[in-house]
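**Q** Structure: run.pdb, PDB, C-alpha atoms, pLDDT in the B column.
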```
ATOM      1  CA  GLY B   1     -29.146  67.216 -16.238  1.00 69.00           C
ATOM      2  CA  ALA B   2     -26.668  67.666 -13.433  1.00 83.00           C
ATOM      3  CA  VAL B   3     -23.201  68.791 -14.416  1.00 91.00           C
ATOM      4  CA  VAL B   4     -19.972  68.402 -12.485  1.00 95.00           C
ATOM      5  CA  SER B   5     -17.237  70.726 -13.630  1.00 96.00           C
ATOM      6  CA  GLN B   6     -13.618  69.816 -13.004  1.00 97.00           C
ATOM      7  CA  HIS B   7     -10.671  72.156 -13.368  1.00 97.00           C
ATOM      8  CA  PRO B   8      -8.009  72.116 -14.667  1.00 98.00           C
ATOM      9  CA  SER B   9      -8.356  69.478 -17.356  1.00 97.00           C
ATOM     10  CA  ARG B  10      -4.602  69.132 -17.635  1.00 98.00           C
ATOM     11  CA  VAL B  11      -1.747  70.183 -15.417  1.00 98.00           C
ATOM     12  CA  ILE B  12       1.987  69.644 -15.492  1.00 98.00           C
ATOM     13  CA  CYS B  13       3.967  70.297 -12.357  1.00 97.00           C
ATOM     14  CA  LYS B  14       7.459  69.789 -11.080  1.00 97.00           C
ATOM     15  CA  SER B  15       8.337  67.163  -8.512  1.00 98.00           C
ATOM     16  CA  GLY B  16       7.953  68.445  -4.993  1.00 97.00           C
ATOM     17  CA  THR B  17       5.290  71.013  -5.779  1.00 98.00           C
ATOM     18  CA  SER B  18       1.605  70.880  -4.909  1.00 98.00           C
ATOM     19  CA  VAL B  19      -1.317  70.876  -7.286  1.00 98.00           C
ATOM     20  CA  LYS B  20      -4.937  71.715  -6.564  1.00 98.00           C
ATOM     21  CA  ILE B  21      -7.819  70.233  -8.538  1.00 98.00           C
ATOM     22  CA  GLU B  22     -11.306  71.701  -8.255  1.00 98.00           C
ATOM     23  CA  CYS B  23     -14.609  69.907  -8.605  1.00 97.00           C
ATOM     24  CA  ARG B  24     -17.780  71.972  -8.792  1.00 96.00           C
ATOM     25  CA  SER B  25     -21.395  70.933  -8.913  1.00 94.00           C
ATOM     26  CA  LEU B  26     -23.209  73.275 -11.269  1.00 93.00           C
ATOM     27  CA  ASP B  27     -26.797  74.233 -10.450  1.00 86.00           C
ATOM     28  CA  PHE B  28     -27.073  71.715  -7.642  1.00 89.00           C
ATOM     29  CA  GLN B  29     -25.697  71.146  -4.204  1.00 91.00           C
ATOM     30  CA  ALA B  30     -23.554  68.177  -3.332  1.00 91.00           C
ATOM     31  CA  THR B  31     -22.938  67.442   0.319  1.00 91.00           C
ATOM     32  CA  THR B  32     -20.873  64.473  -0.767  1.00 94.00           C
ATOM     33  CA  MET B  33     -18.417  64.145  -3.622  1.00 96.00           C
ATOM     34  CA  PHE B  34     -16.030  61.398  -4.551  1.00 96.00           C
ATOM     35  CA  TRP B  35     -12.477  61.405  -5.874  1.00 97.00           C
ATOM     36  CA  TYR B  36     -11.052  58.707  -8.099  1.00 97.00           C
ATOM     37  CA  ARG B  37      -7.676  58.039  -9.636  1.00 98.00           C
ATOM     38  CA  GLN B  38      -7.182  56.200 -12.892  1.00 98.00           C
ATOM     39  CA  PHE B  39      -3.875  55.008 -14.307  1.00 97.00           C
ATOM     40  CA  PRO B  40      -3.519  54.321 -18.043  1.00 94.00           C
ATOM     41  CA  LYS B  41      -5.448  51.280 -19.241  1.00 92.00           C
ATOM     42  CA  GLN B  42      -6.739  50.659 -15.734  1.00 95.00           C
ATOM     43  CA  SER B  43     -10.038  51.091 -13.970  1.00 96.00           C
ATOM     44  CA  LEU B  44     -11.071  53.885 -11.653  1.00 97.00           C
ATOM     45  CA  MET B  45      -9.964  53.538  -8.073  1.00 96.00           C
ATOM     46  CA  LEU B  46     -11.919  55.326  -5.381  1.00 96.00           C
ATOM     47  CA  MET B  47      -9.570  57.452  -3.315  1.00 97.00           C
ATOM     48  CA  ALA B  48     -11.813  59.276  -0.908  1.00 96.00           C
ATOM     49  CA  THR B  49     -15.241  60.580  -0.068  1.00 95.00           C
ATOM     50  CA  SER B  50     -15.439  64.321   0.352  1.00 95.00           C
ATOM     51  CA  ASN B  51     -17.973  65.499   2.934  1.00 92.00           C
ATOM     52  CA  GLU B  52     -19.155  69.078   3.088  1.00 91.00           C
ATOM     53  CA  GLY B  53     -18.268  70.648   6.411  1.00 88.00           C
ATOM     54  CA  SER B  54     -16.392  67.655   7.767  1.00 90.00           C
ATOM     55  CA  LYS B  55     -13.309  65.550   7.184  1.00 92.00           C
ATOM     56  CA  ALA B  56     -12.951  63.433   4.104  1.00 95.00           C
ATOM     57  CA  THR B  57     -13.062  59.677   4.352  1.00 95.00           C
ATOM     58  CA  TYR B  58     -10.111  57.989   2.688  1.00 96.00           C
ATOM     59  CA  GLU B  59      -9.968  54.518   1.220  1.00 95.00           C
ATOM     60  CA  GLN B  60      -7.437  52.081   2.573  1.00 95.00           C
ATOM     61  CA  GLY B  61      -3.952  52.751   1.273  1.00 95.00           C
ATOM     62  CA  VAL B  62      -4.580  56.376   0.286  1.00 96.00           C
ATOM     63  CA  GLU B  63      -2.386  58.816   2.164  1.00 95.00           C
ATOM     64  CA  LYS B  64      -4.562  61.547   3.590  1.00 94.00           C
ATOM     65  CA  ASP B  65      -1.607  63.860   4.193  1.00 95.00           C
ATOM     66  CA  LYS B  66      -0.594  63.611   0.567  1.00 97.00           C
ATOM     67  CA  PHE B  67      -4.034  63.938  -0.969  1.00 97.00           C
ATOM     68  CA  LEU B  68      -5.697  66.785   0.871  1.00 97.00           C
ATOM     69  CA  ILE B  69      -9.419  67.105   0.341  1.00 96.00           C
ATOM     70  CA  ASN B  70     -11.459  70.144   1.249  1.00 94.00           C
ATOM     71  CA  HIS B  71     -15.219  70.450   0.811  1.00 94.00           C
ATOM     72  CA  ALA B  72     -15.804  73.958   2.094  1.00 85.00           C
ATOM     73  CA  SER B  73     -19.090  74.620   0.324  1.00 92.00           C
ATOM     74  CA  LEU B  74     -22.037  72.694  -1.044  1.00 92.00           C
ATOM     75  CA  THR B  75     -20.812  73.129  -4.596  1.00 94.00           C
ATOM     76  CA  LEU B  76     -17.036  72.805  -4.361  1.00 96.00           C
ATOM     77  CA  SER B  77     -14.611  70.083  -3.400  1.00 97.00           C
ATOM     78  CA  THR B  78     -10.879  70.361  -3.939  1.00 97.00           C
ATOM     79  CA  LEU B  79      -8.145  67.754  -4.089  1.00 98.00           C
ATOM     80  CA  THR B  80      -4.609  68.927  -3.455  1.00 98.00           C
ATOM     81  CA  VAL B  81      -1.774  66.609  -4.352  1.00 98.00           C
ATOM     82  CA  THR B  82       1.034  67.693  -2.064  1.00 97.00           C
ATOM     83  CA  SER B  83       4.734  67.204  -2.738  1.00 97.00           C
ATOM     84  CA  ALA B  84       3.908  65.553  -6.018  1.00 97.00           C
ATOM     85  CA  HIS B  85       6.141  62.853  -7.443  1.00 97.00           C
ATOM     86  CA  PRO B  86       6.174  61.293 -10.904  1.00 97.00           C
ATOM     87  CA  GLU B  87       4.285  58.270  -9.572  1.00 96.00           C
ATOM     88  CA  ASP B  88       1.387  60.590  -8.749  1.00 97.00           C
ATOM     89  CA  SER B  89       0.943  61.222 -12.458  1.00 98.00           C
ATOM     90  CA  SER B  90      -2.522  59.971 -13.222  1.00 98.00           C
ATOM     91  CA  PHE B  91      -6.038  60.891 -14.301  1.00 98.00           C
ATOM     92  CA  TYR B  92      -8.059  62.238 -11.389  1.00 98.00           C
ATOM     93  CA  ILE B  93     -11.850  62.250 -11.589  1.00 98.00           C
ATOM     94  CA  CYS B  94     -14.492  63.541  -9.221  1.00 97.00           C
ATOM     95  CA  SER B  95     -18.149  62.646  -9.018  1.00 96.00           C
ATOM     96  CA  ALA B  96     -21.311  63.653  -7.211  1.00 94.00           C
ATOM     97  CA  PRO B  97     -24.642  61.889  -6.705  1.00 90.00           C
ATOM     98  CA  GLY B  98     -26.840  62.421  -9.714  1.00 81.00           C
ATOM     99  CA  GLN B  99     -29.768  64.777  -9.568  1.00 76.00           C
ATOM    100  CA  GLY B 100     -33.248  64.590 -10.957  1.00 70.00           C
ATOM    101  CA  ALA B 101     -33.566  62.094 -13.757  1.00 61.00           C
ATOM    102  CA  ASP B 102     -30.001  60.949 -13.059  1.00 56.00           C
ATOM    103  CA  SER B 103     -30.617  60.384  -9.369  1.00 71.00           C
ATOM    104  CA  VAL B 104     -29.952  56.678  -9.657  1.00 76.00           C
ATOM    105  CA  GLY B 105     -26.290  57.086 -10.528  1.00 86.00           C
ATOM    106  CA  TYR B 106     -23.397  59.449 -10.216  1.00 92.00           C
ATOM    107  CA  THR B 107     -22.393  62.363 -12.385  1.00 93.00           C
ATOM    108  CA  PHE B 108     -18.693  62.516 -13.127  1.00 95.00           C
ATOM    109  CA  GLY B 109     -16.429  65.396 -13.946  1.00 97.00           C
ATOM    110  CA  SER B 110     -14.385  65.364 -17.122  1.00 97.00           C
ATOM    111  CA  GLY B 111     -11.222  64.504 -15.235  1.00 98.00           C
ATOM    112  CA  THR B 112      -7.820  66.103 -14.664  1.00 98.00           C
ATOM    113  CA  ARG B 113      -4.704  64.726 -16.285  1.00 98.00           C
ATOM    114  CA  LEU B 114      -1.814  65.326 -13.880  1.00 98.00           C
ATOM    115  CA  THR B 115       1.740  64.933 -15.112  1.00 98.00           C
ATOM    116  CA  VAL B 116       4.559  65.329 -12.612  1.00 98.00           C
ATOM    117  CA  VAL B 117       7.976  65.930 -14.149  1.00 97.00           C
TER
ATOM    118  CA  LEU J   1     -19.085  44.325  -1.729  1.00 67.00           C
ATOM    119  CA  ALA J   2     -20.053  42.101  -4.625  1.00 72.00           C
ATOM    120  CA  LYS J   3     -17.170  41.485  -7.025  1.00 90.00           C
ATOM    121  CA  THR J   4     -17.889  41.852 -10.725  1.00 95.00           C
ATOM    122  CA  THR J   5     -16.311  40.008 -13.629  1.00 96.00           C
ATOM    123  CA  GLN J   6     -16.514  41.216 -17.221  1.00 97.00           C
ATOM    124  CA  PRO J   7     -14.735  40.266 -20.443  1.00 98.00           C
ATOM    125  CA  ILE J   8     -11.630  42.379 -20.868  1.00 97.00           C
ATOM    126  CA  SER J   9     -12.441  43.300 -24.433  1.00 97.00           C
ATOM    127  CA  MET J  10     -14.943  42.801 -27.233  1.00 98.00           C
ATOM    128  CA  ASP J  11     -14.960  43.605 -30.922  1.00 98.00           C
ATOM    129  CA  SER J  12     -17.955  44.387 -33.083  1.00 98.00           C
ATOM    130  CA  TYR J  13     -18.949  46.023 -36.332  1.00 98.00           C
ATOM    131  CA  GLU J  14     -21.174  48.976 -36.976  1.00 98.00           C
ATOM    132  CA  GLY J  15     -24.845  48.149 -37.004  1.00 97.00           C
ATOM    133  CA  GLN J  16     -24.527  45.021 -34.886  1.00 97.00           C
ATOM    134  CA  GLU J  17     -26.061  44.427 -31.509  1.00 98.00           C
ATOM    135  CA  VAL J  18     -23.523  44.075 -28.721  1.00 98.00           C
ATOM    136  CA  ASN J  19     -24.152  42.210 -25.499  1.00 98.00           C
ATOM    137  CA  ILE J  20     -21.738  42.598 -22.613  1.00 98.00           C
ATOM    138  CA  THR J  21     -22.233  40.235 -19.700  1.00 98.00           C
ATOM    139  CA  CYS J  22     -21.170  40.905 -16.153  1.00 98.00           C
ATOM    140  CA  SER J  23     -20.973  38.247 -13.450  1.00 97.00           C
ATOM    141  CA  HIS J  24     -21.722  39.165  -9.859  1.00 96.00           C
ATOM    142  CA  ASN J  25     -22.221  35.932  -7.956  1.00 95.00           C
ATOM    143  CA  ASN J  26     -22.164  37.565  -4.533  1.00 94.00           C
ATOM    144  CA  ILE J  27     -24.781  40.200  -5.209  1.00 95.00           C
ATOM    145  CA  ALA J  28     -26.715  41.172  -2.092  1.00 94.00           C
ATOM    146  CA  THR J  29     -30.449  41.624  -1.762  1.00 94.00           C
ATOM    147  CA  ASN J  30     -30.257  45.399  -1.675  1.00 93.00           C
ATOM    148  CA  ASP J  31     -27.682  45.742  -4.461  1.00 94.00           C
ATOM    149  CA  TYR J  32     -28.483  47.409  -7.752  1.00 94.00           C
ATOM    150  CA  ILE J  33     -26.615  46.913 -11.021  1.00 95.00           C
ATOM    151  CA  THR J  34     -25.354  49.999 -12.788  1.00 95.00           C
ATOM    152  CA  TRP J  35     -23.483  50.402 -16.070  1.00 96.00           C
ATOM    153  CA  TYR J  36     -21.243  53.282 -17.069  1.00 97.00           C
ATOM    154  CA  GLN J  37     -19.513  54.184 -20.309  1.00 98.00           C
ATOM    155  CA  GLN J  38     -16.123  55.857 -20.424  1.00 98.00           C
ATOM    156  CA  PHE J  39     -14.357  57.416 -23.393  1.00 97.00           C
ATOM    157  CA  PRO J  40     -10.596  58.050 -23.278  1.00 95.00           C
ATOM    158  CA  SER J  41      -9.612  60.995 -21.069  1.00 94.00           C
ATOM    159  CA  GLN J  42     -13.185  61.582 -19.936  1.00 96.00           C
ATOM    160  CA  GLY J  43     -15.138  60.786 -16.825  1.00 97.00           C
ATOM    161  CA  PRO J  44     -17.600  57.880 -16.904  1.00 96.00           C
ATOM    162  CA  ARG J  45     -21.157  58.467 -18.038  1.00 95.00           C
ATOM    163  CA  PHE J  46     -24.182  56.718 -16.561  1.00 93.00           C
ATOM    164  CA  ILE J  47     -25.904  54.387 -19.022  1.00 95.00           C
ATOM    165  CA  ILE J  48     -28.487  52.327 -17.197  1.00 95.00           C
ATOM    166  CA  GLN J  49     -29.405  50.772 -13.894  1.00 94.00           C
ATOM    167  CA  GLY J  50     -31.592  47.867 -12.879  1.00 95.00           C
ATOM    168  CA  TYR J  51     -32.535  45.567 -10.050  1.00 95.00           C
ATOM    169  CA  LYS J  52     -34.215  42.656 -11.773  1.00 94.00           C
ATOM    170  CA  THR J  53     -35.745  41.493 -15.063  1.00 93.00           C
ATOM    171  CA  LYS J  54     -35.350  44.026 -17.848  1.00 97.00           C
ATOM    172  CA  VAL J  55     -34.769  47.741 -18.058  1.00 96.00           C
ATOM    173  CA  THR J  56     -34.677  49.732 -21.277  1.00 97.00           C
ATOM    174  CA  ASN J  57     -33.884  53.334 -22.034  1.00 94.00           C
ATOM    175  CA  GLU J  58     -33.032  55.308 -25.122  1.00 94.00           C
ATOM    176  CA  VAL J  59     -29.480  53.990 -25.383  1.00 94.00           C
ATOM    177  CA  ALA J  60     -29.419  50.463 -23.973  1.00 97.00           C
ATOM    178  CA  SER J  61     -31.228  47.558 -22.386  1.00 98.00           C
ATOM    179  CA  LEU J  62     -30.244  45.711 -19.259  1.00 98.00           C
ATOM    180  CA  PHE J  63     -31.228  42.103 -18.749  1.00 98.00           C
ATOM    181  CA  ILE J  64     -31.053  40.584 -15.288  1.00 98.00           C
ATOM    182  CA  PRO J  65     -32.001  36.932 -14.708  1.00 97.00           C
ATOM    183  CA  ALA J  66     -34.050  35.849 -11.737  1.00 97.00           C
ATOM    184  CA  ASP J  67     -31.045  34.806  -9.641  1.00 97.00           C
ATOM    185  CA  ARG J  68     -29.393  38.214 -10.323  1.00 97.00           C
ATOM    186  CA  LYS J  69     -25.937  36.625 -10.400  1.00 97.00           C
ATOM    187  CA  SER J  70     -25.235  38.164 -13.763  1.00 97.00           C
ATOM    188  CA  SER J  71     -26.474  40.929 -16.002  1.00 98.00           C
ATOM    189  CA  THR J  72     -26.194  41.749 -19.671  1.00 98.00           C
ATOM    190  CA  LEU J  73     -25.903  45.191 -21.175  1.00 98.00           C
ATOM    191  CA  SER J  74     -27.315  45.244 -24.683  1.00 98.00           C
ATOM    192  CA  LEU J  75     -26.360  48.002 -27.104  1.00 98.00           C
ATOM    193  CA  PRO J  76     -28.509  47.931 -30.257  1.00 95.00           C
ATOM    194  CA  ARG J  77     -26.948  48.759 -33.622  1.00 94.00           C
ATOM    195  CA  VAL J  78     -23.622  50.080 -32.384  1.00 97.00           C
ATOM    196  CA  SER J  79     -21.733  52.795 -34.203  1.00 97.00           C
ATOM    197  CA  LEU J  80     -18.077  53.815 -34.174  1.00 97.00           C
ATOM    198  CA  SER J  81     -18.883  56.316 -31.445  1.00 97.00           C
ATOM    199  CA  ASP J  82     -19.809  53.482 -29.097  1.00 97.00           C
ATOM    200  CA  THR J  83     -16.148  52.466 -28.909  1.00 98.00           C
ATOM    201  CA  ALA J  84     -15.439  52.898 -25.210  1.00 98.00           C
ATOM    202  CA  VAL J  85     -14.913  51.063 -21.944  1.00 98.00           C
ATOM    203  CA  TYR J  86     -18.062  49.794 -20.260  1.00 98.00           C
ATOM    204  CA  TYR J  87     -18.154  49.229 -16.525  1.00 97.00           C
ATOM    205  CA  CYS J  88     -20.587  47.130 -14.537  1.00 97.00           C
ATOM    206  CA  LEU J  89     -21.011  48.211 -10.912  1.00 96.00           C
ATOM    207  CA  VAL J  90     -22.894  46.435  -8.181  1.00 95.00           C
ATOM    208  CA  GLY J  91     -23.590  48.096  -4.885  1.00 91.00           C
ATOM    209  CA  PRO J  92     -26.049  48.835  -2.123  1.00 86.00           C
ATOM    210  CA  GLY J  93     -28.937  51.075  -2.849  1.00 77.00           C
ATOM    211  CA  ARG J  94     -28.962  52.847  -6.143  1.00 76.00           C
ATOM    212  CA  ARG J  95     -25.430  54.195  -6.030  1.00 81.00           C
ATOM    213  CA  ALA J  96     -22.448  51.902  -6.331  1.00 84.00           C
ATOM    214  CA  LEU J  97     -18.960  53.328  -6.051  1.00 88.00           C
ATOM    215  CA  THR J  98     -16.576  50.488  -6.868  1.00 91.00           C
ATOM    216  CA  PHE J  99     -15.475  50.044 -10.468  1.00 94.00           C
ATOM    217  CA  GLY J 100     -14.326  46.712 -11.798  1.00 92.00           C
ATOM    218  CA  SER J 101     -11.942  46.179 -14.668  1.00 94.00           C
ATOM    219  CA  GLY J 102     -14.451  47.062 -17.373  1.00 97.00           C
ATOM    220  CA  THR J 103     -14.899  45.826 -20.936  1.00 98.00           C
ATOM    221  CA  ARG J 104     -13.135  47.613 -23.760  1.00 98.00           C
ATOM    222  CA  LEU J 105     -15.488  47.612 -26.748  1.00 98.00           C
ATOM    223  CA  GLN J 106     -13.995  48.284 -30.154  1.00 98.00           C
ATOM    224  CA  VAL J 107     -16.443  48.939 -32.981  1.00 98.00           C
ATOM    225  CA  GLN J 108     -15.073  48.527 -36.477  1.00 97.00           C
ATOM    226  CA  PRO J 109     -16.509  50.098 -39.647  1.00 95.00           C
TER
END
```
Would you put the structure from the file into structure tokens?

**A**
Amino acid sequence: GAVVSQHPSRVICKSGTSVKIECRSLDFQATTMFWYRQFPKQSLMLMATSNEGSKATYEQGVEKDKFLINHASLTLSTLTVTSAHPEDSSFYICSAPGQGADSVGYTFGSGTRLTVV
Amino acid sequence: LAKTTQPISMDSYEGQEVNITCSHNNIATNDYITWYQQFPSQGPRFIIQGYKTKVTNEVASLFIPADRKSSTLSLPRVSLSDTAVYYCLVGPGRRALTFGSGTRLQVQP
């Protein structure tokens, strides 16, 4: 089935630095991808919709200048957390529409655990 | 968007059948019901989706009554590896994006 690869799986960065997270669709093209954030013991919160070749669409309350999304190709979307602060520490997950037998749902990446110190 | 309500947590034992019910009173005509499973520090995994009546696949069954205001995910003969959080999503078309609070299932030996 469709696989979404997310990298890195874990990252630790210092406050004030920027971190880039990559989300790749393997063996299929994804014109749209989605980014979620999940705090411990909480549910997933949709942050933004990444659109290939155009601007991302952000959910209400998500700062677009802080969470930069780029979808430069049909298989890659990136999320850059700029000027990270400890409160940005979270689990970030991307997803893409399922393919083939999974076309009724979404395929999710394995997530990126971001820790800002 | 239809709001979903699920029990916060459930406990079961290996070999038992587990039924997790989700309420979605405001479900729209074109909404589908989708369930995902999530293990700690992993992304969610699609389990099953349905529109009405009953859907069954190799891992679960989904029961949806005629009024579609609720749905029940049935996991037959659970094992320890089924310990996870289960999310019910309701949304337009076949692809819903909004996650509710989920149900934390703990399976005991």

**Q** Select from chain B every residue with an atom at most 7 Å from any atom of chain J, then for each give the shortest pair of atoms and their distance in Å to one decimal, using all atoms listed in the file, rows by chain and rising number, as CSV.

**A**
```
residue,atom,partner,partner_atom,distance
B:Gln42,CA,J:Ser101,CA,6.9
B:Ser43,CA,J:Ser101,CA,5.3
B:Leu44,CA,J:Phe99,CA,6.0
B:Met45,CA,J:Phe99,CA,7.0
B:Leu46,CA,J:Thr98,CA,6.9
B:Ile93,CA,J:Gly43,CA,6.4
B:Val104,CA,J:Arg94,CA,5.3
B:Gly105,CA,J:Arg95,CA,5.4
B:Tyr106,CA,J:Phe46,CA,7.0
B:Thr107,CA,J:Arg45,CA,7.0
B:Phe108,CA,J:Gly43,CA,5.4
B:Gly109,CA,J:Gly43,CA,5.6
B:Ser110,CA,J:Gly43,CA,4.6
B:Gly111,CA,J:Gly43,CA,5.6
```

**Q** Give me the result of the PyMOL selection byres ((chain J and resi 72-83) around 8) on this file, residue by residue, as a list in words.

**A**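 Evaluating the PyMOL selection byres ((chain J and resi 72-83) around 8) on this file yields Tyr13, Glu14, Gly15, Gln16, Glu17, Val18, Asn19, Ile20, Thr21, Cys22, Trp35, Phe39, Val59, Ala60, Ser61, Leu62, Phe63, Ile64, Ser70, Ser71, Ala84, Val85, Arg104, Leu105, Gln106, Val107, Gln108 and Pro109 of chain J.
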
**Q** Selection from above, C-alpha atoms, as a compact mmCIF listing (two decimals), in the coordinates of the input, can you write it?

**A**
```txt
# COMPACT_ATOMS: atom_id res chain seq x y z
CA TYR J 13 -18.95 46.02 -36.33
CA GLU J 14 -21.17 48.98 -36.98
CA GLY J 15 -24.84 48.15 -37.00
CA GLN J 16 -24.53 45.02 -34.89
CA GLU J 17 -26.06 44.43 -31.51
CA VAL J 18 -23.52 44.08 -28.72
CA ASN J 19 -24.15 42.21 -25.50
CA ILE J 20 -21.74 42.60 -22.61
CA THR J 21 -22.23 40.24 -19.70
CA CYS J 22 -21.17 40.90 -16.15
CA TRP J 35 -23.48 50.40 -16.07
CA PHE J 39 -14.36 57.42 -23.39
CA VAL J 59 -29.48 53.99 -25.38
CA ALA J 60 -29.42 50.46 -23.97
CA SER J 61 -31.23 47.56 -22.39
CA LEU J 62 -30.24 45.71 -19.26
CA PHE J 63 -31.23 42.10 -18.75
CA ILE J 64 -31.05 40.58 -15.29
CA SER J 70 -25.24 38.16 -13.76
CA SER J 71 -26.47 40.93 -16.00
CA ALA J 84 -15.44 52.90 -25.21
CA VAL J 85 -14.91 51.06 -21.94
CA ARG J 104 -13.14 47.61 -23.76
CA LEU J 105 -15.49 47.61 -26.75
CA GLN J 106 -14.00 48.28 -30.15
CA VAL J 107 -16.44 48.94 -32.98
CA GLN J 108 -15.07 48.53 -36.48
CA PRO J 109 -16.51 50.10 -39.65
```

**Q** Which residues are near B:Glu22? Cut-off 10 Å, all atoms listed in the file, ignore same chain within fewer than 6 positions. Put them as a PyMOL selection string.

**A** chain B and resi 5-9+69-71+76-80+94+109+112

**Q** Between atom CA of B:Ser95 and atom CA of B:Glu59, what is the spacing in Å?

**A**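 Between atom CA of B:Glu59 and atom CA of B:Ser95 the gap is 15.4 Å.
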
**Q** One decimal, Å: what's the distance from atom CA of J:Val90 over to atom CA of J:Thr5, could you say?

**A** 10.7 Å

**Q** Have a look at B:Glu63, B:Ser15, B:Phe28, B:Trp35 and name the one nearest to B:Ser103; count all atoms listed in the file.

**A** B:Phe28

**Q** Please write as a short mmCIF file (atom, residue, chain, number, x, y, z; two decimals) with C-alpha atoms, in the coordinates of the input the full residue list that the PyMOL selection byres ((chain J and resi 2) around 8) yields on this file.

**A**
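Final output, saved to expr.cif:
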```cif
data_model
loop_
_atom_site.label_atom_id
_atom_site.label_comp_id
_atom_site.auth_asym_id
_atom_site.auth_seq_id
_atom_site.Cartn_x
_atom_site.Cartn_y
_atom_site.Cartn_z
CA LEU J 1 -19.08 44.32 -1.73
CA LYS J 3 -17.17 41.48 -7.02
CA THR J 4 -17.89 41.85 -10.72
CA HIS J 24 -21.72 39.16 -9.86
CA ASN J 25 -22.22 35.93 -7.96
CA ASN J 26 -22.16 37.56 -4.53
CA ILE J 27 -24.78 40.20 -5.21
CA ALA J 28 -26.72 41.17 -2.09
CA VAL J 90 -22.89 46.44 -8.18
CA GLY J 91 -23.59 48.10 -4.88
#
```

**Q** Could you tell me which of B:Gln60, B:Val19, B:Lys41, B:Leu114 comes closest to B:Pro86 if we count all atoms listed in the file?

**A**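 Counting all atoms listed in the file, the residue closest to B:Pro86 is B:Leu114.
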
**Q** Would you mind completing stretch 24-36 of chain B so that it carries N, CA, C and O atoms, and writing it out as a short mmCIF file (atom, residue, chain, number, x, y, z; two decimals), in the coordinates of the input?

**A**
```cif
data_model
loop_
_atom_site.label_atom_id
_atom_site.label_comp_id
_atom_site.auth_asym_id
_atom_site.auth_seq_id
_atom_site.Cartn_x
_atom_site.Cartn_y
_atom_site.Cartn_z
N ARG B 24 -16.61 71.16 -9.10
CA ARG B 24 -17.78 71.97 -8.79
C ARG B 24 -19.06 71.34 -9.30
O ARG B 24 -19.11 70.83 -10.42
N SER B 25 -20.08 71.36 -8.46
CA SER B 25 -21.40 70.93 -8.91
C SER B 25 -22.12 72.18 -9.42
O SER B 25 -22.22 73.17 -8.70
N LEU B 26 -22.56 72.12 -10.66
CA LEU B 26 -23.21 73.28 -11.27
C LEU B 26 -24.72 73.13 -11.12
O LEU B 26 -25.30 72.13 -11.49
N ASP B 27 -25.35 74.16 -10.59
CA ASP B 27 -26.80 74.23 -10.45
C ASP B 27 -27.38 73.21 -9.49
O ASP B 27 -28.58 72.94 -9.52
N PHE B 28 -26.55 72.58 -8.69
CA PHE B 28 -27.07 71.72 -7.64
C PHE B 28 -26.06 71.64 -6.51
O PHE B 28 -24.88 71.93 -6.69
N GLN B 29 -26.56 71.24 -5.36
CA GLN B 29 -25.70 71.15 -4.20
C GLN B 29 -25.29 69.69 -3.97
O GLN B 29 -26.10 68.78 -4.14
N ALA B 30 -24.06 69.53 -3.57
CA ALA B 30 -23.55 68.18 -3.33
C ALA B 30 -22.88 68.14 -1.97
O ALA B 30 -21.76 68.65 -1.81
N THR B 31 -23.55 67.55 -1.00
CA THR B 31 -22.94 67.44 0.32
C THR B 31 -21.83 66.39 0.33
O THR B 31 -20.99 66.37 1.21
N THR B 32 -21.88 65.52 -0.65
CA THR B 32 -20.87 64.47 -0.77
C THR B 32 -20.35 64.42 -2.19
O THR B 32 -21.14 64.46 -3.14
N MET B 33 -19.06 64.34 -2.32
CA MET B 33 -18.42 64.14 -3.62
C MET B 33 -17.36 63.06 -3.47
O MET B 33 -16.95 62.74 -2.34
N PHE B 34 -16.95 62.51 -4.58
CA PHE B 34 -16.03 61.40 -4.55
C PHE B 34 -14.85 61.67 -5.48
O PHE B 34 -15.02 62.26 -6.55
N TRP B 35 -13.68 61.24 -5.05
CA TRP B 35 -12.48 61.40 -5.87
C TRP B 35 -11.92 60.05 -6.26
O TRP B 35 -11.77 59.15 -5.42
N TYR B 36 -11.61 59.93 -7.55
CA TYR B 36 -11.05 58.71 -8.10
C TYR B 36 -9.72 59.01 -8.75
O TYR B 36 -9.45 60.14 -9.18
#
```
